[in-house]
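Enquirer: Before we start, here is the structure in question, set down as structure tokens.
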Amino acid sequence: MPKRTDIQSVLVIGSGPIVIGQAAEFDYSGTQACRILKAEGLRVILVNSNPATIMTDPEIADATYVEPITPEFVEKIIAKERPDALLPTLGGQTALNTAISMHEQGVLEKYGVELIGANVEAINKGEDRDLFKDVVEEVRKKIGHGESARSYICHSMDDVMKGVEELGGYPVVVRPSFTMGGAGSGFAHDEEELRRIAGQGLTLSPTTEVLLEESILGWKEYELELMRDKNDNVVVVCSIENFDPMGVHTGDSITVAPAMTLTDREYQRLRDVGIAIIREVGVDTGGCNIQFAINPEDGRVIVIEMNPRVSRSSALASKATGFPIAKIAAKLAVGYTLDEIPNDITEKTPASFEPTLDYVVVKAPRFAFEKFPQADSTLTTTMKSVGEAMAIGRNFTEAFQKALRSLEKKGSQFTFVGDTGDKAELLRAAVRPTDGRINLVMEAIRAGATQEEVFEYTKIDPWFVDQLFLIKEVADELASVERLDADLLAEAKRHGFSDHQIAEIRGLREDVVREVRHALGVRPVYKTVDTCAAEFAAKTPYFYSSYDEETEVAQREKPAVIILGSGPNRIGQGIEFDYSCVHASFALSDAGYETVMVNCNPETVSTDYDTSDRLYFEPLTLEDVLEIVHAEQQAGPLAGVVVQLGGQTPLGLSQALKDNGVPVVGTSPEAIHAAEDRGAFGQVLAEAGLPAPKHGTATTFAEAKTIADEIGYPVLVRPSYVLGGRGMEIVYDEARLSAYIEESTEISPSRPVLVDKFLDDAIEIDVDALYDGTELYLGGVMEHIEEAGIHSGDSACALPPITLGGFDIKRLRASTEGIAKGVGVRGLINIQFAMAGDILYVLEANPRASRTVPFTSKATAVPLAKAAARISLGATIAELRAEGLLPAEGDGGTLPMDAPISVKEAVMPWSRFRDIHGRGVDTVLGPEMRSTGEVMGIDSVFGTAYAKSQAGAYGPLPTKGRAFISVANRDKRSMIFPARELVAHGFELMATSGTAEVLKRNGINATVVRKQSEGEGPNGEKTIVQLIHDGAVDLIVNTPYGTGGRLDGYDIRTAAVARSVPCLTTVQALAAAVQGIDALNHGDVGVRSLQEHAEHLTAARD
Amino acid sequence: MTTSHQGISSKRMGAPPAVLVLEDGRIFRGRAYGAVGETFGEAVFSTGMTGYQETLTDPSYHRQVVVMTAPHVGNTGVNDEDPESGRIWVSGYVVRDPARVHSNWRAQRSLDEELRGQGVVGISGVDTRALTRHLRERGAMRVGIFSGNALPDEGTMLAEVRQAAEMKGADLSAEVATKETYVVPAIGPDGEAVPVGTAKFTVAAVDLGIKGMTPHRMAERGIEVHVLPATATAEDVYAVNPDGVFFSNGPGDPATAEHPVSVMQAVLERKTPLFGICFGNQILGRALGFGTYKLKYGHRGINQPVQDRTTGKVEVTAHNHGFAVDAPLDKVSDTPYGRAEVSHVCLNDQVVEGLQLLDQPAFSVQYHPEAAAGPHDAAYLFDRFVSLMEAERA
């Protein structure tokens, strides 16, 4: 039965900004779905506020709305576009919740929009814990298997206390209903913990509901990915086993596919239960994910939960098996059945089969606790990781060690040299699941722990424990042999050892090991991910390396370009870089090259086997990349390797690749050095006659003090060679400088600290530009809303700049050209400037695609990354203008007066983290980047665009109600005008005594409220924190006071996060918000697709 | 590289070297797994990721050397509940990474011990994917595994492989089937065995290499199963006064199965409800006058999509067959027993996976609805058999 003919147009909802628990995987799924639906001849309407996505590229959908994903805005889009159907299952929890809410408000009925891919009843049955328990009970009645953990539903704290008694005491698990990524859930070991976790859970849950559950801590954890079509055909796409036992969120666990320790009987039982559940829940067409726990003692199976939609796990399963779940879900949603859809990889077999693997896949999470030093790093049922790496090998050890090195984080690979700690202490520490526990376990093994002890302390399955011992035995053998021979090297490689690890064990240099290995003929082969364990020939070159016998890389004729991706998402290097890599692949493919993608991030579009001609799912280390280059050079002509689009990861390999004879195209390694090295860059600036803030480098406190004394406080201090402002701090006095140097453990003569004059009150400006050696194309100029000193990744910005004039742009253009030329850029460059007084300072330059490239590209309707890729391979800007890839005339610095204004806003992960006492972490912005994602608001005027960006990031700005203002002294002057505006819009102001005084003197009335430190008043007057918790505050403005006296602000800001009250932490943001509120209060805010904006812009350009 | 490096993990366990020699001269080197010695058979690959115990003990694998495409084998050890027969039948076993320790609460011993205990010669540490691709392209062929510290030279080994018996033309049922009739009692609603002679239905099951799960699936449905030797005659079959007759799976070339074909024809004459699985499907094909042929490399795995053409539904099924029935997919055929049609087809390659008679109660499938190992999607076929017997009785 072919596709439905009654649907002509469909609205797809994306997942919005990247947040913990909802990341790039939904761009991957959504992009697949949109492409498929478009190919089916449907008009595809897309809404997603996240500009850094491929799915919001104007060619992916017919009408692309970069608008907030709120019921209000989505209704506007529906009213305008009148789609026949709405597909809500590909945009994570955000899309599902939005769709449900629109259904409940009657919007879908009003406009005659049919929900496809899932029905409301099924969504509720899957998501509502109470209903889902009934589902599991029903399944048990029907097939005799499957049960839920014993549990108790609570709607109040009284219920919670009753529940814990019913369950027979602590520990218990707390799970709030309807939250994303398990937000707010956790284990409670005593009443205090329970009150805290459950209290917060009741608040977080949109239905004020939490579930208390019997503890199944330490059980084995499994997941199944299933798909069902309208004819009730069901397939299990993948089984996943968690290396970390129950107690750690699956997103934070090391996971393995396929399941490693199930007999067929047990696996088939899970399969039967899974199928019965998908039927009972009523997921008619599409995918779902079901999680199970198994008691290792007796095999008792507990069904934990299901997601009636495409999920992070389904993206992982798709990459792990080659079975594109989202793509197929989209086809099922428009009426196809599984047997009617061909398997892309074999072409001749249908999708109605179950993939079988002849390899092992390991996923490892990447955390960012170093960015949140206050946060408790214990892993719980709330997801905390910011990204993940996946690796494929022919056995577990190979895949596992590849995954660990793919994390690209110091200490992530096992080390086998040096002293170990005390065995007993190590084992005790390994009880607590945390980032790097696995390395602790390996250290315990090195310290003499037995397999039984490791199991006893960690509950990691004995089979996995033995694999760790196997790795350790190979390391011992490497250490003990007199001489490395081919057999031993090959065996070490078959267990995933990197040249780096072998070098470390043998006390050699990595390149020496590599030379020896090559001389002995020990090189990897590349195998294909083919869904069928080689039963049928694969048509799709989706490769992974293995030290096996036979390679499957085919010869090719066309010259190839290898594009190095960006690896696991992390704060500071996320989906934006994947966007640029994918664009490069598309552009170079169009230009006649064979494109070869290398990446290890399963969440991305770049690792979709459809994106490039060839895909190598491999770690991005020098060793792994060199082997791929070798394999591709054996296969045919190689035009070059692109390193400047994947962020710092590939950029960091540039020089070493060149030293190994690899043709690096685009900006040369020397040029990269010229931009990254302080001294060399200083010279570039000097030659171009450009000022930089005064600065120096220091390796001791004495040196740092001398520099700071000379240039004057405040100073900005940071380690050299960092990304995302890691360790960066603004220092206002000598005492703090001394403390900073003391705390920075990694300072050494080769890693000095940079000390820069901090420009107070400066406007920060970001520029993205293309340079081909002769011509400069100014991609876009972004004016930050927050002042300099807040990391550019965390700052909101506007494009075109809202307060800069033609003269400023001219200066920026000249400076950018001077730097691009001086550095020797061929492709993209991003430069950060600060305008202080009338001086334009250069803060830094990155000779690569920046985080803002997708935003700039969308705001100006010009594909910058595509152009950069072409320039890397020799095209000129003039040629690209002639071709039409770039506008024939003008650039991002000469946008027409009526060009739309785009505002980018960063999204912060505050609500995910708690300190060890369970309190939230502070939300103050600083020079260290901590945002996980971004949204874009686009409209004809700044205020509306800003309001949209806020709605997309944090929820709508309030248009009336009570605003609380408490600002630092230095901000008091600039607060007055916006405060007056708030009053004019009918806001009632509240302030702490100091701020209220200033307001009153300026004729603005404000109610004085008590600080938290003052405590409740004699007549029960509540403190501001209590008021926030009571829901009595609609808008919070709170700027930090510098280093001292922060506690009050901290309590206010964490309360704001807990209650989801908009909280502005800079006075510039307040000014922008006032403009936004003004726009919202003045008439209707409309929606407009990117295609319409682009058409308008093109017309204006001509 | 033409031969593989040898595993130190195995070396540390002291396993001697082993060589796998294919009849076309391709050689893989590894380490001994299970018993040390030499063995021969037909090289086939199985793509199931679970269920190695069931695979090893499936009589249909008699005289076959099974290559496991799943890299890790033995992780869950061996227990006494999961075997499909009283012994391991594969003649040789090829794996990449055997487990060093096993982990499962039902495990009683390791797979390595079990293989050694039953004298099954295996090899580990070979590029099983390369081997599988080779078999896929060249077809199933004869193979030898040689292990030990004093191995013959390659030429000698190859000559030995080429002298081994071929699967085509092999008549193996009698070698694997029971010698004596035995009864599997029906299971009552309380989960207890029903006294022999009091079950709702009695089925005579001709054992051509039957798997233990098959009579169990029938017993679960209230059927008392009399399992008869492969040599049973029509008289033997009707001596148990059956409500239905069943023909099992089994090894070998269906073209040699003259005796079971004649027994089945006698059953068809009497219009007794009839059900066949795997070899039983090929026997029905032949009884109806269709031919059988050898597939290039067969279907062996637990992920095969089969469409029930009577309902249009797709089921994911367990397969283990190297031969198939040659019947027309696009039309109803006239046979001596009335009209027949292809009821099931494999969606991967359009191979006939089931037959049914339209004018009398007889049907069969080429795959394994008893599913051990494998998914339970096709269990409804046993219900269909029950319905046929019920209809006959009505």
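Labels used: A, B, ... for chains in the order of the structure tokens, numbers from 1 for residues in each chain, and numbers from 1 for ligands as shown.
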With a cut-off of 7 Å, could you pull out the residues of chain B touching chain A and give me the nearest pair of atoms for each, distance in Å to one decimal, using only C-alpha atoms, ordered by chain and ascending number, as JSON lines?

Expert:
```
{"residue": "B:Met1", "atom": "CA", "partner": "A:Glu549", "partner_atom": "CA", "distance": 6.3}
{"residue": "B:Ser4", "atom": "CA", "partner": "A:Glu549", "partner_atom": "CA", "distance": 6.1}
{"residue": "B:His5", "atom": "CA", "partner": "A:Asp487", "partner_atom": "CA", "distance": 5.5}
{"residue": "B:Gln6", "atom": "CA", "partner": "A:Asp487", "partner_atom": "CA", "distance": 6.5}
{"residue": "B:Gly7", "atom": "CA", "partner": "A:Glu491", "partner_atom": "CA", "distance": 6.0}
{"residue": "B:Ile8", "atom": "CA", "partner": "A:Glu491", "partner_atom": "CA", "distance": 6.4}
{"residue": "B:Thr47", "atom": "CA", "partner": "A:Ala533", "partner_atom": "CA", "distance": 6.3}
{"residue": "B:Gly48", "atom": "CA", "partner": "A:Thr356", "partner_atom": "CA", "distance": 7.0}
{"residue": "B:Met49", "atom": "CA", "partner": "A:Thr356", "partner_atom": "CA", "distance": 6.7}
{"residue": "B:Thr50", "atom": "CA", "partner": "A:Asp264", "partner_atom": "CA", "distance": 4.8}
{"residue": "B:Gly51", "atom": "CA", "partner": "A:Asp264", "partner_atom": "CA", "distance": 4.5}
{"residue": "B:Thr69", "atom": "CA", "partner": "A:Asp358", "partner_atom": "CA", "distance": 5.3}
{"residue": "B:Ala70", "atom": "CA", "partner": "A:Asp358", "partner_atom": "CA", "distance": 4.6}
{"residue": "B:Pro71", "atom": "CA", "partner": "A:Asp358", "partner_atom": "CA", "distance": 5.8}
{"residue": "B:His72", "atom": "CA", "partner": "A:Asn395", "partner_atom": "CA", "distance": 6.9}
{"residue": "B:Asn75", "atom": "CA", "partner": "A:Thr261", "partner_atom": "CA", "distance": 5.9}
{"residue": "B:Thr76", "atom": "CA", "partner": "A:Thr261", "partner_atom": "CA", "distance": 5.7}
{"residue": "B:Val101", "atom": "CA", "partner": "A:Trp463", "partner_atom": "CA", "distance": 6.2}
{"residue": "B:His102", "atom": "CA", "partner": "A:Trp463", "partner_atom": "CA", "distance": 6.0}
{"residue": "B:Ser103", "atom": "CA", "partner": "A:Trp463", "partner_atom": "CA", "distance": 5.6}
{"residue": "B:Asn104", "atom": "CA", "partner": "A:Thr261", "partner_atom": "CA", "distance": 6.9}
{"residue": "B:Trp105", "atom": "CA", "partner": "A:Glu297", "partner_atom": "CA", "distance": 6.0}
{"residue": "B:Asp127", "atom": "CA", "partner": "A:Asp548", "partner_atom": "CA", "distance": 5.9}
{"residue": "B:Arg129", "atom": "CA", "partner": "A:Ala534", "partner_atom": "CA", "distance": 6.8}
{"residue": "B:Ala130", "atom": "CA", "partner": "A:Glu550", "partner_atom": "CA", "distance": 5.9}
{"residue": "B:Thr132", "atom": "CA", "partner": "A:Ala534", "partner_atom": "CA", "distance": 6.5}
{"residue": "B:Arg133", "atom": "CA", "partner": "A:Ala534", "partner_atom": "CA", "distance": 5.9}
{"residue": "B:Arg136", "atom": "CA", "partner": "A:Glu535", "partner_atom": "CA", "distance": 6.5}
{"residue": "B:Asn303", "atom": "CA", "partner": "A:Glu354", "partner_atom": "CA", "distance": 5.1}
{"residue": "B:Gln304", "atom": "CA", "partner": "A:Phe353", "partner_atom": "CA", "distance": 5.9}
{"residue": "B:Pro305", "atom": "CA", "partner": "A:Phe353", "partner_atom": "CA", "distance": 5.0}
{"residue": "B:Lys313", "atom": "CA", "partner": "A:Asn233", "partner_atom": "CA", "distance": 6.4}
{"residue": "B:Val314", "atom": "CA", "partner": "A:Asn233", "partner_atom": "CA", "distance": 5.8}
{"residue": "B:Val316", "atom": "CA", "partner": "A:Phe353", "partner_atom": "CA", "distance": 6.3}
{"residue": "B:Leu347", "atom": "CA", "partner": "A:Pro350", "partner_atom": "CA", "distance": 6.7}
{"residue": "B:Asn348", "atom": "CA", "partner": "A:Thr349", "partner_atom": "CA", "distance": 4.5}
{"residue": "B:Ala373", "atom": "CA", "partner": "A:Asp264", "partner_atom": "CA", "distance": 5.9}
{"residue": "B:Gly374", "atom": "CA", "partner": "A:Gln268", "partner_atom": "CA", "distance": 6.9}
{"residue": "B:Pro375", "atom": "CA", "partner": "A:Gln268", "partner_atom": "CA", "distance": 5.9}
```

Enquirer: Taking 5 positions as the minimum chain separation for residues in the same chain, which residues sit within 10 Å of Glu981 (chain A) when counting only C-alpha atoms? Answer as a VMD selection string.

Expert: chain A and resid 976 986 to 987 1071 1074 to 1075 1077 to 1078

Enquirer: I'd like the contact shell of Gly952 (chain A) - 10 Å cut-off, only C-alpha atoms, skipping same-chain residues fewer than 2 positions apart - returned as a PyMOL selection string.

Expert: chain A and resi 16-17+48-50+66-70+73+905+907+934-937+946-950+954-956

Enquirer: I'd like to know which of B:Ala140, B:Leu274, B:Ile223, B:Ile187 is closest to Phe323 (chain B), using only C-alpha atoms.

Expert: B:Ala140

Enquirer: Pick out the residues sitting within 12 Å of Lys168 (chain B), and hand them over as a PDB file with N, CA and C atoms, in the first residue's frame; count only C-alpha atoms, and ignore anything fewer than 6 positions along from it in its own chain.

Expert:
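Produced file part.pdb, reproduced below:
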```pdb
ATOM      1  N   GLY B  41      33.537 -30.397   6.600  1.00  0.00           N
ATOM      2  CA  GLY B  41      32.104 -30.209   6.421  1.00  0.00           C
ATOM      3  C   GLY B  41      31.857 -29.162   5.372  1.00  0.00           C
ATOM      4  N   GLU B  42      30.583 -28.736   5.300  1.00  0.00           N
ATOM      5  CA  GLU B  42      30.232 -27.679   4.369  1.00  0.00           C
ATOM      6  C   GLU B  42      30.320 -26.354   5.130  1.00  0.00           C
ATOM      7  N   ARG B  63      27.097 -32.050   9.819  1.00  0.00           N
ATOM      8  CA  ARG B  63      28.100 -32.051   8.744  1.00  0.00           C
ATOM      9  C   ARG B  63      28.389 -30.657   8.178  1.00  0.00           C
ATOM     10  N   ALA B 140      28.424 -21.633  -0.681  1.00  0.00           N
ATOM     11  CA  ALA B 140      28.843 -22.578   0.359  1.00  0.00           C
ATOM     12  C   ALA B 140      29.743 -23.625  -0.282  1.00  0.00           C
ATOM     13  N   MET B 141      30.767 -24.045   0.445  1.00  0.00           N
ATOM     14  CA  MET B 141      31.693 -25.038  -0.120  1.00  0.00           C
ATOM     15  C   MET B 141      32.291 -25.876   1.003  1.00  0.00           C
ATOM     16  N   ARG B 142      33.041 -26.881   0.619  1.00  0.00           N
ATOM     17  CA  ARG B 142      33.648 -27.742   1.626  1.00  0.00           C
ATOM     18  C   ARG B 142      34.793 -27.019   2.321  1.00  0.00           C
ATOM     19  N   PRO B 251      18.886 -32.155   8.224  1.00  0.00           N
ATOM     20  CA  PRO B 251      20.018 -31.853   7.341  1.00  0.00           C
ATOM     21  C   PRO B 251      19.902 -32.578   6.004  1.00  0.00           C
ATOM     22  N   GLY B 252      20.802 -32.190   5.081  1.00  0.00           N
ATOM     23  CA  GLY B 252      20.935 -32.947   3.845  1.00  0.00           C
ATOM     24  C   GLY B 252      20.169 -32.364   2.674  1.00  0.00           C
ATOM     25  N   ASP B 253      20.290 -33.088   1.556  1.00  0.00           N
ATOM     26  CA  ASP B 253      19.710 -32.644   0.281  1.00  0.00           C
ATOM     27  C   ASP B 253      18.319 -33.248   0.144  1.00  0.00           C
ATOM     28  N   PRO B 254      17.277 -32.421  -0.008  1.00  0.00           N
ATOM     29  CA  PRO B 254      15.915 -32.962  -0.102  1.00  0.00           C
ATOM     30  C   PRO B 254      15.728 -33.869  -1.321  1.00  0.00           C
ATOM     31  N   ALA B 255      16.620 -33.699  -2.310  1.00  0.00           N
ATOM     32  CA  ALA B 255      16.487 -34.517  -3.511  1.00  0.00           C
ATOM     33  C   ALA B 255      16.699 -35.996  -3.205  1.00  0.00           C
ATOM     34  N   THR B 256      17.331 -36.299  -2.054  1.00  0.00           N
ATOM     35  CA  THR B 256      17.595 -37.695  -1.716  1.00  0.00           C
ATOM     36  C   THR B 256      16.502 -38.291  -0.844  1.00  0.00           C
ATOM     37  N   THR B 292      13.470 -29.152  -6.037  1.00  0.00           N
ATOM     38  CA  THR B 292      14.201 -28.387  -5.030  1.00  0.00           C
ATOM     39  C   THR B 292      15.563 -28.067  -5.614  1.00  0.00           C
ATOM     40  N   TYR B 293      16.204 -27.038  -5.073  1.00  0.00           N
ATOM     41  CA  TYR B 293      17.532 -26.665  -5.565  1.00  0.00           C
ATOM     42  C   TYR B 293      18.369 -26.130  -4.419  1.00  0.00           C
ATOM     43  N   LYS B 294      19.684 -26.104  -4.640  1.00  0.00           N
ATOM     44  CA  LYS B 294      20.587 -25.631  -3.599  1.00  0.00           C
ATOM     45  C   LYS B 294      20.797 -24.123  -3.775  1.00  0.00           C
ATOM     46  N   LEU B 295      20.592 -23.395  -2.692  1.00  0.00           N
ATOM     47  CA  LEU B 295      20.851 -21.953  -2.725  1.00  0.00           C
ATOM     48  C   LEU B 295      22.361 -21.729  -2.721  1.00  0.00           C
ATOM     49  N   LYS B 296      22.769 -20.565  -3.242  1.00  0.00           N
ATOM     50  CA  LYS B 296      24.208 -20.307  -3.339  1.00  0.00           C
ATOM     51  C   LYS B 296      24.876 -20.381  -1.954  1.00  0.00           C
ATOM     52  N   GLY B 322      19.760 -24.506   3.315  1.00  0.00           N
ATOM     53  CA  GLY B 322      20.657 -24.340   2.179  1.00  0.00           C
ATOM     54  C   GLY B 322      19.977 -24.716   0.875  1.00  0.00           C
ATOM     55  N   PHE B 323      18.799 -25.378   0.998  1.00  0.00           N
ATOM     56  CA  PHE B 323      18.035 -25.776  -0.193  1.00  0.00           C
ATOM     57  C   PHE B 323      16.687 -25.078  -0.161  1.00  0.00           C
TER      58      PHE B 323
END
```

Enquirer: Can you list, as a PyMOL selection string, all residues belonging to region 91-237 of chain B that DSSP tags as helix (DSSP H, G or I)?

Expert: chain B and resi 111-117+128-138+154-163+173-176+213-220+234-237

Enquirer: For region 14-26 of chain B, list every protein, DNA or RNA residue within 7 Å, evaluated using only C-alpha atoms, and leave out those in the same chain fewer than 6 positions away; present the list as an NGL selection string.

Expert: :B and (32 or 123 or 141-149 or 157-158 or 161-162)

Enquirer: Report as a PyMOL selection string: the residues of region 251-329 of chain B with a DSSP assignment of strand (DSSP E), based on the backbone of this structure.

Expert: chain B and resi 274-277+291-308+314-326

Enquirer: Could you list, as a VMD selection string, every residue within 10 Å of Lys142 (chain A), counting only C-alpha atoms and ignoring same-chain residues fewer than 5 positions away?

Expert: chain A and resid 136 to 137 273 276

Enquirer: Go ahead and write the selection's residues with C-alpha atoms as a short mmCIF file (atom, residue, chain, number, x, y, z; two decimals), in the first residue's frame.

Expert:
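Saved as out35.cif:
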```
data_model
loop_
_atom_site.label_atom_id
_atom_site.label_comp_id
_atom_site.auth_asym_id
_atom_site.auth_seq_id
_atom_site.Cartn_x
_atom_site.Cartn_y
_atom_site.Cartn_z
CA VAL A 136 3.02 -2.89 31.13
CA GLU A 137 0.43 -4.60 33.32
CA VAL A 273 7.72 -7.53 25.63
CA ALA A 276 3.68 -6.06 22.93
#
```

Enquirer: Suppose you want the space between CA of Ala635 (chain A) and CA of Ile563 (chain A); what is it in Å?

Expert: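 Computing the Euclidean distance for CA of Ala635 (chain A) and CA of Ile563 (chain A) yields 16.3 Å.
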